[in-house]
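Next comes query-v4.txt, a file with compact mmCIF, C-alpha atoms and all ligand atoms.
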```
# COMPACT_ATOMS: atom_id res chain seq x y z
CA MET F 1219 127.17 112.36 87.40
CA SER F 1220 129.57 111.00 90.01
CA VAL F 1221 130.73 107.72 91.55
CA SER F 1222 129.08 108.73 94.83
CA GLU F 1223 125.74 109.80 93.34
CA ARG F 1224 122.79 108.52 95.39
CA THR F 1225 119.29 107.48 94.43
CA TYR F 1226 116.21 106.54 96.42
CA ILE F 1227 114.71 103.23 95.28
CA MET F 1228 111.54 101.79 96.80
CA VAL F 1229 109.78 98.46 96.30
CA LYS F 1230 106.09 99.38 96.39
CA PRO F 1231 103.46 97.37 98.35
CA ASP F 1232 102.61 95.16 95.34
CA GLY F 1233 106.30 94.31 94.86
CA VAL F 1234 106.58 93.31 98.52
CA GLN F 1235 103.37 91.23 98.43
CA ARG F 1236 104.46 89.49 95.22
CA GLY F 1237 107.81 88.48 96.70
CA LEU F 1238 109.92 90.59 94.35
CA VAL F 1239 112.08 92.36 96.96
CA GLY F 1240 115.07 90.02 96.56
CA ASN F 1241 115.00 90.19 92.78
CA ILE F 1242 114.81 94.00 92.67
CA LEU F 1243 117.45 94.46 95.36
CA GLY F 1244 119.65 91.87 93.64
CA ARG F 1245 119.66 93.78 90.37
CA PHE F 1246 121.12 96.87 92.04
CA GLU F 1247 123.68 94.76 93.90
CA GLN F 1248 124.71 92.88 90.77
CA ARG F 1249 125.01 96.07 88.74
CA GLY F 1250 127.66 97.32 91.17
CA PHE F 1251 125.74 99.84 93.25
CA LYS F 1252 126.47 100.14 96.96
CA LEU F 1253 123.59 99.72 99.43
CA ILE F 1254 123.79 102.48 102.03
CA ALA F 1255 120.30 102.37 103.61
CA LEU F 1256 117.48 99.82 103.78
CA LYS F 1257 114.24 99.38 105.73
CA LEU F 1258 110.75 97.87 105.58
CA VAL F 1259 108.17 100.51 106.43
CA HIS F 1260 104.38 100.78 106.36
CA ALA F 1261 104.13 104.49 105.51
CA THR F 1262 101.26 106.78 106.52
CA PRO F 1263 99.17 108.59 103.86
CA GLU F 1264 100.64 111.90 105.12
CA HIS F 1265 104.20 110.67 104.57
CA LEU F 1266 103.32 109.39 101.09
CA GLU F 1267 101.62 112.68 100.18
CA GLN F 1268 104.90 114.38 101.04
CA HIS F 1269 106.83 111.91 98.88
CA TYR F 1270 104.50 112.50 95.91
CA ILE F 1271 103.91 116.22 96.59
CA ASP F 1272 104.69 117.16 92.96
CA LEU F 1273 101.75 115.01 91.79
CA LYS F 1274 99.16 116.53 94.13
CA GLY F 1275 96.18 117.59 92.02
CA LYS F 1276 96.52 114.77 89.47
CA SER F 1277 93.40 112.64 89.03
CA PHE F 1278 95.29 109.47 90.04
CA PHE F 1279 96.75 111.05 93.22
CA PRO F 1280 94.17 109.74 95.77
CA GLY F 1281 94.38 106.22 94.31
CA LEU F 1282 98.17 106.39 94.31
CA ILE F 1283 98.29 107.31 98.01
CA LYS F 1284 95.81 104.53 98.88
CA TYR F 1285 97.87 101.99 96.92
CA MET F 1286 101.15 103.10 98.49
CA ALA F 1287 99.65 103.00 102.00
CA SER F 1288 98.09 99.56 101.46
CA GLY F 1289 101.10 97.66 102.84
CA PRO F 1290 104.77 97.94 103.70
CA VAL F 1291 107.34 99.18 101.21
CA VAL F 1292 111.09 98.53 101.09
CA ALA F 1293 112.95 101.84 101.20
CA MET F 1294 116.55 101.82 99.95
CA VAL F 1295 119.38 104.15 99.05
CA TRP F 1296 121.86 103.01 96.42
CA GLU F 1297 125.11 104.80 95.59
CA GLY F 1298 127.25 104.59 92.47
CA LEU F 1299 128.13 106.05 89.08
CA ASP F 1300 125.17 107.95 87.58
CA ALA F 1301 122.88 106.21 90.11
CA VAL F 1302 119.77 108.32 89.41
CA LYS F 1303 119.64 107.91 85.63
CA THR F 1304 120.85 104.30 85.71
CA GLY F 1305 118.27 103.47 88.39
CA ARG F 1306 115.51 104.93 86.22
CA SER F 1307 116.64 102.92 83.20
CA MET F 1308 116.73 99.74 85.32
CA LEU F 1309 113.11 100.47 86.42
CA GLY F 1310 111.77 101.03 82.90
CA ALA F 1311 109.00 103.40 81.83
CA THR F 1312 106.28 104.57 84.26
CA ASN F 1313 103.72 102.59 82.26
CA PRO F 1314 104.90 98.96 82.34
CA LEU F 1315 103.38 98.34 78.90
CA ALA F 1316 105.98 100.75 77.53
CA SER F 1317 108.83 99.23 79.58
CA ALA F 1318 111.35 97.12 77.71
CA PRO F 1319 111.76 93.48 78.74
CA GLY F 1320 114.84 93.29 80.94
CA THR F 1321 113.74 96.27 83.01
CA ILE F 1322 112.09 95.71 86.41
CA ARG F 1323 108.68 96.98 85.32
CA GLY F 1324 109.05 95.37 81.89
CA ASP F 1325 109.70 92.00 83.53
CA PHE F 1326 107.14 92.07 86.35
CA ALA F 1327 104.30 94.53 85.76
CA LEU F 1328 101.45 95.39 83.39
CA ALA F 1329 99.53 98.28 84.98
CA VAL F 1330 100.71 101.85 85.62
CA GLY F 1331 98.88 101.88 88.95
CA ARG F 1332 100.66 98.68 90.07
CA ASN F 1333 104.16 99.21 88.74
CA ILE F 1334 106.01 97.67 91.75
CA CYS F 1335 108.89 100.10 92.24
CA HIS F 1336 109.91 103.72 92.55
CA GLY F 1337 113.15 105.47 91.60
CA SER F 1338 114.16 109.13 91.98
CA ASP F 1339 113.97 111.13 88.74
CA SER F 1340 116.70 113.71 89.49
CA VAL F 1341 119.65 114.17 91.83
CA GLU F 1342 117.78 117.00 93.55
CA ASN F 1343 114.67 114.86 94.14
CA ALA F 1344 116.85 111.95 95.28
CA GLU F 1345 118.32 114.16 98.02
CA LYS F 1346 114.83 115.25 99.12
CA GLU F 1347 113.50 111.67 99.12
CA ILE F 1348 116.51 110.31 101.02
CA LYS F 1349 115.97 112.96 103.73
CA LEU F 1350 112.24 112.17 103.88
CA TRP F 1351 112.62 108.39 104.18
CA PHE F 1352 115.89 108.30 106.13
CA PRO F 1353 115.89 111.31 108.49
CA GLU F 1354 118.26 109.23 110.66
CA GLY F 1355 120.81 109.29 107.82
CA VAL F 1356 122.44 106.59 105.71
CA VAL F 1357 125.16 104.11 106.74
CA GLN F 1358 128.81 104.97 106.10
CA TYR F 1359 131.11 102.06 105.33
CA THR F 1360 133.79 101.03 102.88
CA ASN F 1361 132.89 98.50 100.23
CA ASP F 1362 136.16 97.00 99.02
CA ASN F 1363 134.70 95.71 95.77
CA SER F 1364 134.53 99.26 94.35
CA LYS F 1365 138.07 98.76 93.00
CA TRP F 1366 136.70 95.94 90.84
CA ILE F 1367 133.77 98.02 89.59
CA PHE F 1368 135.51 101.32 88.80
CA GLU F 1369 138.83 102.00 87.06
N1 LIG F 1401 100.70 106.79 88.26
C1 LIG F 1401 99.42 106.33 88.01
N2 LIG F 1401 98.78 106.77 86.88
C2 LIG F 1401 99.36 107.63 86.01
C3 LIG F 1401 100.66 108.09 86.27
C4 LIG F 1401 101.31 107.65 87.40
O1 LIG F 1401 98.88 105.55 88.78
O2 LIG F 1401 98.73 107.98 85.00
C5 LIG F 1401 101.42 106.31 89.47
C6 LIG F 1401 102.45 105.25 89.14
O3 LIG F 1401 102.44 104.29 90.19
C7 LIG F 1401 103.74 106.03 89.13
C8 LIG F 1401 103.47 107.05 90.24
O4 LIG F 1401 102.10 107.39 90.08
O5 LIG F 1401 104.86 105.22 89.38
C9 LIG F 1401 104.29 108.30 90.19
O6 LIG F 1401 104.17 108.90 88.93
P1 LIG F 1401 105.44 109.46 88.15
O7 LIG F 1401 104.95 110.23 86.98
O8 LIG F 1401 106.34 110.17 89.12
O9 LIG F 1401 106.13 108.11 87.60
P2 LIG F 1401 107.49 107.37 88.05
O10 LIG F 1401 108.47 108.44 88.43
O11 LIG F 1401 107.14 106.45 89.20
O12 LIG F 1401 107.92 106.59 86.85
MG MG F 1402 108.31 110.04 89.74
```

Please go through the file and, once you have read it, give me the structure as structure tokens.
Ligand code: UDP
Ligand code: MG
Amino acid sequence: MSVSERTYIMVKPDGVQRGLVGNILGRFEQRGFKLIALKLVHATPEHLEQHYIDLKGKSFFPGLIKYMASGPVVAMVWEGLDAVKTGRSMLGATNPLASAPGTIRGDFALAVGRNICHGSDSVENAEKEIKLWFPEGVVQYTNDNSKWIFE
């Protein structure tokens, strides 16, 4: 856990189509995380298979790749204290029916196969995902409001 921990957050195609990008992005901004990379990208199935490599072999894998390749996604990197675990708790459970109200999935989704957003599940996976989606690197800049967010 560190102030400069990074996580990869992605609004999935259904989140983009449903106009939820601003709301999801806004939650991370409001919480105090620092945006260090952002782009809209229509990913290829090959790229998405790489992203979800750990799930290859699962029965839902082909459907997942088709869903994720069905439209553009918003790829983001957020930095801040305990970003990976906090990001996951802001997302809610994988199955939206088990997600608490107040979480992104708990507020906007009902089906596990249309759960509108992704968040890295470990610091190690976050690093891999950030490299995969942002091979060009993230943006370095000073955000002066950090002195109001951290002691
Ligand atoms: N998924 C699905 N059916 C399942 C489990 C997962 O369609 O039974 C999809 C769902 O969109 C999920 C993604 O596969 O977000 C990746 O699964 P993972 O277990 O990594 O969940 P996450 O980390 O996204 O919460
Ligand atoms: Mg996962």

So that I can see what lies close to F:Met1294, please list as a list in words the residues with an atom at most 10 Å from it, counting all atoms listed in the file and leaving out residues fewer than 2 positions away in the same chain.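 In the requested format, the answer is Thr1225, Tyr1226, Ile1227, Met1228, Val1229, Leu1243, Leu1253, Ile1254, Ala1255, Leu1256, Lys1257, Leu1258, Val1291, Val1292, Trp1296, Gly1337, Ile1348, Trp1351, Phe1352 and Val1356 of chain F.
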
Hey, can you spit out that residue selection with C-alpha atoms as a PDB file, in the frame of the given file?
```
ATOM      1  CA  THR F1225     119.290 107.480  94.430  1.00  0.00           C
ATOM      2  CA  TYR F1226     116.210 106.540  96.420  1.00  0.00           C
ATOM      3  CA  ILE F1227     114.710 103.230  95.280  1.00  0.00           C
ATOM      4  CA  MET F1228     111.540 101.790  96.800  1.00  0.00           C
ATOM      5  CA  VAL F1229     109.780  98.460  96.300  1.00  0.00           C
ATOM      6  CA  LEU F1243     117.450  94.460  95.360  1.00  0.00           C
ATOM      7  CA  LEU F1253     123.590  99.720  99.430  1.00  0.00           C
ATOM      8  CA  ILE F1254     123.790 102.480 102.030  1.00  0.00           C
ATOM      9  CA  ALA F1255     120.300 102.370 103.610  1.00  0.00           C
ATOM     10  CA  LEU F1256     117.480  99.820 103.780  1.00  0.00           C
ATOM     11  CA  LYS F1257     114.240  99.380 105.730  1.00  0.00           C
ATOM     12  CA  LEU F1258     110.750  97.870 105.580  1.00  0.00           C
ATOM     13  CA  VAL F1291     107.340  99.180 101.210  1.00  0.00           C
ATOM     14  CA  VAL F1292     111.090  98.530 101.090  1.00  0.00           C
ATOM     15  CA  TRP F1296     121.860 103.010  96.420  1.00  0.00           C
ATOM     16  CA  GLY F1337     113.150 105.470  91.600  1.00  0.00           C
ATOM     17  CA  ILE F1348     116.510 110.310 101.020  1.00  0.00           C
ATOM     18  CA  TRP F1351     112.620 108.390 104.180  1.00  0.00           C
ATOM     19  CA  PHE F1352     115.890 108.300 106.130  1.00  0.00           C
ATOM     20  CA  VAL F1356     122.440 106.590 105.710  1.00  0.00           C
TER      21      VAL F1356
END
```

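You will find atom CA of F:Thr1262 at 13.2 Å from atom CA of F:Pro1280.
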
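Shortest atom-to-atom contact with ligand MG 1402 (chain F) among F:Lys1365, F:His1269, F:Lys1284, F:Lys1276: F:His1269, counting all atoms listed in the file.
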
So which residues touch F:Ile1367 within 10 Å, counting all atoms listed in the file, skipping near sequence neighbours fewer than 2 positions away, as a CSV table (one decimal) with C-alpha atoms, in the frame of the given file?
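The resulting part_16.csv:
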```csv
chain,number,residue,atom,x,y,z
F,1249,ARG,CA,125.0,96.1,88.7
F,1250,GLY,CA,127.7,97.3,91.2
F,1251,PHE,CA,125.7,99.8,93.2
F,1298,GLY,CA,127.2,104.6,92.5
F,1299,LEU,CA,128.1,106.0,89.1
F,1362,ASP,CA,136.2,97.0,99.0
F,1363,ASN,CA,134.7,95.7,95.8
F,1364,SER,CA,134.5,99.3,94.4
F,1365,LYS,CA,138.1,98.8,93.0
F,1369,GLU,CA,138.8,102.0,87.1
```

Counting only C-alpha atoms and all ligand atoms, the residue among F:Leu1328, F:Leu1309, F:Val1302, F:Ala1261 that lies closest to ligand LIG 1401 (chain F) is F:Leu1309

Counting only C-alpha atoms and all ligand atoms, what are the residues, protein, DNA or RNA alike, that approach ligand LIG 1401 (chain F) to within 9 Å? I want them as an MDAnalysis selection string. chainID F and resid 1230 1270 1272:1273 1276:1279 1281:1283 1285:1286 1306 1309:1313 1329:1339

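Among F:Ser1307, F:Ser1288, F:Ser1220, F:Asn1343, the residue with the shortest atom-to-atom distance to F:Gly1233, counting only C-alpha atoms, is F:Ser1288.
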
Quick one: pull the distance between atom CA of F:Met1308 and atom CA of F:Pro1263, Å, one decimal.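 It comes out at 27.0 Å.
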
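The interatomic distance for the pair atom CA of F:Lys1349 and atom CA of F:Gln1235 works out to 25.7 Å.
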
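With distances restricted to only C-alpha atoms and all ligand atoms, F:Ala1344 is the closest residue to ligand MG 1402 (chain F) from F:Val1357, F:Ala1301, F:Ala1344, F:Val1234.
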
Using only C-alpha atoms and all ligand atoms, which of F:Ser1340, F:Glu1247, F:Leu1350, F:Asp1232 sits nearest ligand MG 1402 (chain F)? F:Ser1340

Counting all atoms listed in the file, the option among F:Lys1274, F:Lys1303, F:Ala1327, F:Gly1320 closest to F:Arg1236: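 Smallest distance to F:Arg1236 is found for F:Ala1327.
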
Give me stretch 1222-1365 of chain F from this structure - C-alpha atoms, as a PDB file, in the first residue's frame.
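Below is the file that was written, selection-v8.pdb:
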```pdb
ATOM      1  CA  SER F1222       1.725   6.300  -5.426  1.00  0.00           C
ATOM      2  CA  GLU F1223       0.078   2.908  -5.953  1.00  0.00           C
ATOM      3  CA  ARG F1224      -1.481   2.614  -9.422  1.00  0.00           C
ATOM      4  CA  THR F1225      -4.504   0.744 -10.705  1.00  0.00           C
ATOM      5  CA  TYR F1226      -5.911   0.114 -14.165  1.00  0.00           C
ATOM      6  CA  ILE F1227      -9.601   1.017 -14.408  1.00  0.00           C
ATOM      7  CA  MET F1228     -11.627   0.515 -17.580  1.00  0.00           C
ATOM      8  CA  VAL F1229     -15.181   1.484 -18.500  1.00  0.00           C
ATOM      9  CA  LYS F1230     -16.414  -1.473 -20.548  1.00  0.00           C
ATOM     10  CA  PRO F1231     -18.373  -1.095 -23.842  1.00  0.00           C
ATOM     11  CA  ASP F1232     -21.769  -1.179 -22.070  1.00  0.00           C
ATOM     12  CA  GLY F1233     -20.650   1.594 -19.699  1.00  0.00           C
ATOM     13  CA  VAL F1234     -19.581   3.739 -22.659  1.00  0.00           C
ATOM     14  CA  GLN F1235     -22.814   3.078 -24.592  1.00  0.00           C
ATOM     15  CA  ARG F1236     -24.934   3.845 -21.531  1.00  0.00           C
ATOM     16  CA  GLY F1237     -23.237   7.205 -20.975  1.00  0.00           C
ATOM     17  CA  LEU F1238     -21.662   6.279 -17.636  1.00  0.00           C
ATOM     18  CA  VAL F1239     -18.078   7.364 -18.393  1.00  0.00           C
ATOM     19  CA  GLY F1240     -18.366  10.738 -16.632  1.00  0.00           C
ATOM     20  CA  ASN F1241     -19.985   9.257 -13.547  1.00  0.00           C
ATOM     21  CA  ILE F1242     -17.389   6.489 -13.167  1.00  0.00           C
ATOM     22  CA  LEU F1243     -14.452   8.806 -13.847  1.00  0.00           C
ATOM     23  CA  GLY F1244     -15.933  11.389 -11.478  1.00  0.00           C
ATOM     24  CA  ARG F1245     -16.025   8.936  -8.582  1.00  0.00           C
ATOM     25  CA  PHE F1246     -12.273   8.341  -8.817  1.00  0.00           C
ATOM     26  CA  GLU F1247     -11.612  12.081  -9.129  1.00  0.00           C
ATOM     27  CA  GLN F1248     -13.834  12.930  -6.176  1.00  0.00           C
ATOM     28  CA  ARG F1249     -12.285  10.228  -4.008  1.00  0.00           C
ATOM     29  CA  GLY F1250      -8.904  11.918  -4.396  1.00  0.00           C
ATOM     30  CA  PHE F1251      -7.155   9.694  -6.912  1.00  0.00           C
ATOM     31  CA  LYS F1252      -4.891  11.248  -9.524  1.00  0.00           C
ATOM     32  CA  LEU F1253      -5.596  10.562 -13.217  1.00  0.00           C
ATOM     33  CA  ILE F1254      -2.321   9.706 -14.950  1.00  0.00           C
ATOM     34  CA  ALA F1255      -3.533   8.099 -18.213  1.00  0.00           C
ATOM     35  CA  LEU F1256      -6.781   8.096 -20.199  1.00  0.00           C
ATOM     36  CA  LYS F1257      -7.926   7.014 -23.662  1.00  0.00           C
ATOM     37  CA  LEU F1258     -10.924   5.758 -25.645  1.00  0.00           C
ATOM     38  CA  VAL F1259      -9.991   2.593 -27.517  1.00  0.00           C
ATOM     39  CA  HIS F1260     -11.818  -0.039 -29.555  1.00  0.00           C
ATOM     40  CA  ALA F1261      -9.662  -3.037 -28.612  1.00  0.00           C
ATOM     41  CA  THR F1262      -9.061  -6.092 -30.804  1.00  0.00           C
ATOM     42  CA  PRO F1263     -10.053  -9.590 -29.598  1.00  0.00           C
ATOM     43  CA  GLU F1264      -6.321 -10.483 -29.469  1.00  0.00           C
ATOM     44  CA  HIS F1265      -5.587  -7.555 -27.153  1.00  0.00           C
ATOM     45  CA  LEU F1266      -8.537  -8.456 -24.918  1.00  0.00           C
ATOM     46  CA  GLU F1267      -7.467 -12.109 -24.782  1.00  0.00           C
ATOM     47  CA  GLN F1268      -4.128 -10.876 -23.476  1.00  0.00           C
ATOM     48  CA  HIS F1269      -5.863  -8.700 -20.875  1.00  0.00           C
ATOM     49  CA  TYR F1270      -8.005 -11.636 -19.681  1.00  0.00           C
ATOM     50  CA  ILE F1271      -5.318 -14.324 -20.186  1.00  0.00           C
ATOM     51  CA  ASP F1272      -5.861 -15.733 -16.659  1.00  0.00           C
ATOM     52  CA  LEU F1273      -9.489 -16.551 -17.567  1.00  0.00           C
ATOM     53  CA  LYS F1274      -8.701 -18.430 -20.785  1.00  0.00           C
ATOM     54  CA  GLY F1275     -10.460 -21.802 -20.613  1.00  0.00           C
ATOM     55  CA  LYS F1276     -13.459 -20.543 -18.616  1.00  0.00           C
ATOM     56  CA  SER F1277     -16.840 -21.236 -20.221  1.00  0.00           C
ATOM     57  CA  PHE F1278     -17.674 -17.510 -20.330  1.00  0.00           C
ATOM     58  CA  PHE F1279     -14.337 -16.544 -21.957  1.00  0.00           C
ATOM     59  CA  PRO F1280     -15.491 -16.410 -25.638  1.00  0.00           C
ATOM     60  CA  GLY F1281     -18.575 -14.376 -24.681  1.00  0.00           C
ATOM     61  CA  LEU F1282     -16.462 -12.068 -22.540  1.00  0.00           C
ATOM     62  CA  ILE F1283     -14.070 -11.328 -25.417  1.00  0.00           C
ATOM     63  CA  LYS F1284     -16.986 -10.708 -27.818  1.00  0.00           C
ATOM     64  CA  TYR F1285     -18.621  -8.331 -25.314  1.00  0.00           C
ATOM     65  CA  MET F1286     -15.390  -6.446 -24.649  1.00  0.00           C
ATOM     66  CA  ALA F1287     -14.669  -6.112 -28.387  1.00  0.00           C
ATOM     67  CA  SER F1288     -18.217  -4.944 -29.181  1.00  0.00           C
ATOM     68  CA  GLY F1289     -17.383  -1.240 -28.822  1.00  0.00           C
ATOM     69  CA  PRO F1290     -14.865   1.218 -27.443  1.00  0.00           C
ATOM     70  CA  VAL F1291     -13.735   1.154 -23.828  1.00  0.00           C
ATOM     71  CA  VAL F1292     -12.289   3.947 -21.697  1.00  0.00           C
ATOM     72  CA  ALA F1293      -8.870   2.912 -20.402  1.00  0.00           C
ATOM     73  CA  MET F1294      -7.553   4.800 -17.360  1.00  0.00           C
ATOM     74  CA  VAL F1295      -4.784   4.701 -14.796  1.00  0.00           C
ATOM     75  CA  TRP F1296      -5.482   6.148 -11.362  1.00  0.00           C
ATOM     76  CA  GLU F1297      -2.859   6.713  -8.676  1.00  0.00           C
ATOM     77  CA  GLY F1298      -3.280   7.139  -4.935  1.00  0.00           C
ATOM     78  CA  LEU F1299      -3.300   5.514  -1.503  1.00  0.00           C
ATOM     79  CA  ASP F1300      -4.161   1.797  -1.728  1.00  0.00           C
ATOM     80  CA  ALA F1301      -5.474   2.404  -5.276  1.00  0.00           C
ATOM     81  CA  VAL F1302      -5.905  -1.275  -6.221  1.00  0.00           C
ATOM     82  CA  LYS F1303      -7.970  -2.392  -3.229  1.00  0.00           C
ATOM     83  CA  THR F1304      -9.907   0.875  -2.991  1.00  0.00           C
ATOM     84  CA  GLY F1305     -10.657   0.726  -6.726  1.00  0.00           C
ATOM     85  CA  ARG F1306     -12.035  -2.797  -6.334  1.00  0.00           C
ATOM     86  CA  SER F1307     -14.241  -1.746  -3.431  1.00  0.00           C
ATOM     87  CA  MET F1308     -15.537   1.222  -5.457  1.00  0.00           C
ATOM     88  CA  LEU F1309     -16.424  -1.206  -8.303  1.00  0.00           C
ATOM     89  CA  GLY F1310     -18.305  -3.681  -6.107  1.00  0.00           C
ATOM     90  CA  ALA F1311     -18.534  -7.454  -6.531  1.00  0.00           C
ATOM     91  CA  THR F1312     -18.029  -9.133  -9.929  1.00  0.00           C
ATOM     92  CA  ASN F1313     -21.708 -10.119  -9.925  1.00  0.00           C
ATOM     93  CA  PRO F1314     -23.666  -6.851  -9.704  1.00  0.00           C
ATOM     94  CA  LEU F1315     -26.459  -8.603  -7.800  1.00  0.00           C
ATOM     95  CA  ALA F1316     -23.970  -9.071  -4.963  1.00  0.00           C
ATOM     96  CA  SER F1317     -22.643  -5.493  -5.208  1.00  0.00           C
ATOM     97  CA  ALA F1318     -23.681  -3.083  -2.479  1.00  0.00           C
ATOM     98  CA  PRO F1319     -25.627   0.031  -3.475  1.00  0.00           C
ATOM     99  CA  GLY F1320     -23.152   2.898  -3.582  1.00  0.00           C
ATOM    100  CA  THR F1321     -20.655   0.879  -5.592  1.00  0.00           C
ATOM    101  CA  ILE F1322     -20.392   1.398  -9.368  1.00  0.00           C
ATOM    102  CA  ARG F1323     -21.765  -2.043 -10.248  1.00  0.00           C
ATOM    103  CA  GLY F1324     -24.269  -1.897  -7.388  1.00  0.00           C
ATOM    104  CA  ASP F1325     -25.627   1.402  -8.721  1.00  0.00           C
ATOM    105  CA  PHE F1326     -25.656   0.700 -12.470  1.00  0.00           C
ATOM    106  CA  ALA F1327     -25.645  -3.010 -13.314  1.00  0.00           C
ATOM    107  CA  LEU F1328     -27.584  -6.254 -12.874  1.00  0.00           C
ATOM    108  CA  ALA F1329     -25.799  -8.906 -14.956  1.00  0.00           C
ATOM    109  CA  VAL F1330     -22.308 -10.367 -14.446  1.00  0.00           C
ATOM    110  CA  GLY F1331     -21.753 -10.399 -18.210  1.00  0.00           C
ATOM    111  CA  ARG F1332     -22.624  -6.674 -18.462  1.00  0.00           C
ATOM    112  CA  ASN F1333     -20.992  -5.262 -15.354  1.00  0.00           C
ATOM    113  CA  ILE F1334     -19.782  -1.973 -16.960  1.00  0.00           C
ATOM    114  CA  CYS F1335     -16.292  -1.621 -15.498  1.00  0.00           C
ATOM    115  CA  HIS F1336     -13.001  -3.342 -14.796  1.00  0.00           C
ATOM    116  CA  GLY F1337     -10.458  -2.792 -12.023  1.00  0.00           C
ATOM    117  CA  SER F1338      -7.109  -4.519 -11.388  1.00  0.00           C
ATOM    118  CA  ASP F1339      -7.230  -7.141  -8.629  1.00  0.00           C
ATOM    119  CA  SER F1340      -3.598  -6.899  -7.440  1.00  0.00           C
ATOM    120  CA  VAL F1341      -0.658  -4.508  -7.665  1.00  0.00           C
ATOM    121  CA  GLU F1342       1.170  -7.043  -9.835  1.00  0.00           C
ATOM    122  CA  ASN F1343      -1.740  -7.358 -12.282  1.00  0.00           C
ATOM    123  CA  ALA F1344      -2.178  -3.578 -12.299  1.00  0.00           C
ATOM    124  CA  GLU F1345       1.416  -3.187 -13.498  1.00  0.00           C
ATOM    125  CA  LYS F1346       0.867  -5.783 -16.249  1.00  0.00           C
ATOM    126  CA  GLU F1347      -2.420  -4.187 -17.361  1.00  0.00           C
ATOM    127  CA  ILE F1348      -0.966  -0.666 -17.382  1.00  0.00           C
ATOM    128  CA  LYS F1349       1.882  -1.879 -19.636  1.00  0.00           C
ATOM    129  CA  LEU F1350      -0.583  -3.677 -21.929  1.00  0.00           C
ATOM    130  CA  TRP F1351      -2.972  -0.736 -22.354  1.00  0.00           C
ATOM    131  CA  PHE F1352      -0.444   2.099 -22.143  1.00  0.00           C
ATOM    132  CA  PRO F1353       2.791   0.866 -23.769  1.00  0.00           C
ATOM    133  CA  GLU F1354       3.514   4.562 -24.440  1.00  0.00           C
ATOM    134  CA  GLY F1355       3.619   5.160 -20.666  1.00  0.00           C
ATOM    135  CA  VAL F1356       1.589   7.316 -18.303  1.00  0.00           C
ATOM    136  CA  VAL F1357       1.690  11.109 -17.880  1.00  0.00           C
ATOM    137  CA  GLN F1358       3.945  12.634 -15.228  1.00  0.00           C
ATOM    138  CA  TYR F1359       2.709  15.828 -13.604  1.00  0.00           C
ATOM    139  CA  THR F1360       2.268  17.398 -10.200  1.00  0.00           C
ATOM    140  CA  ASN F1361      -1.225  17.625  -8.788  1.00  0.00           C
ATOM    141  CA  ASP F1362      -1.123  20.321  -6.119  1.00  0.00           C
ATOM    142  CA  ASN F1363      -4.287  19.138  -4.400  1.00  0.00           C
ATOM    143  CA  SER F1364      -2.456  16.105  -2.957  1.00  0.00           C
ATOM    144  CA  LYS F1365      -1.558  18.237   0.083  1.00  0.00           C
TER     145      LYS F1365
END
```
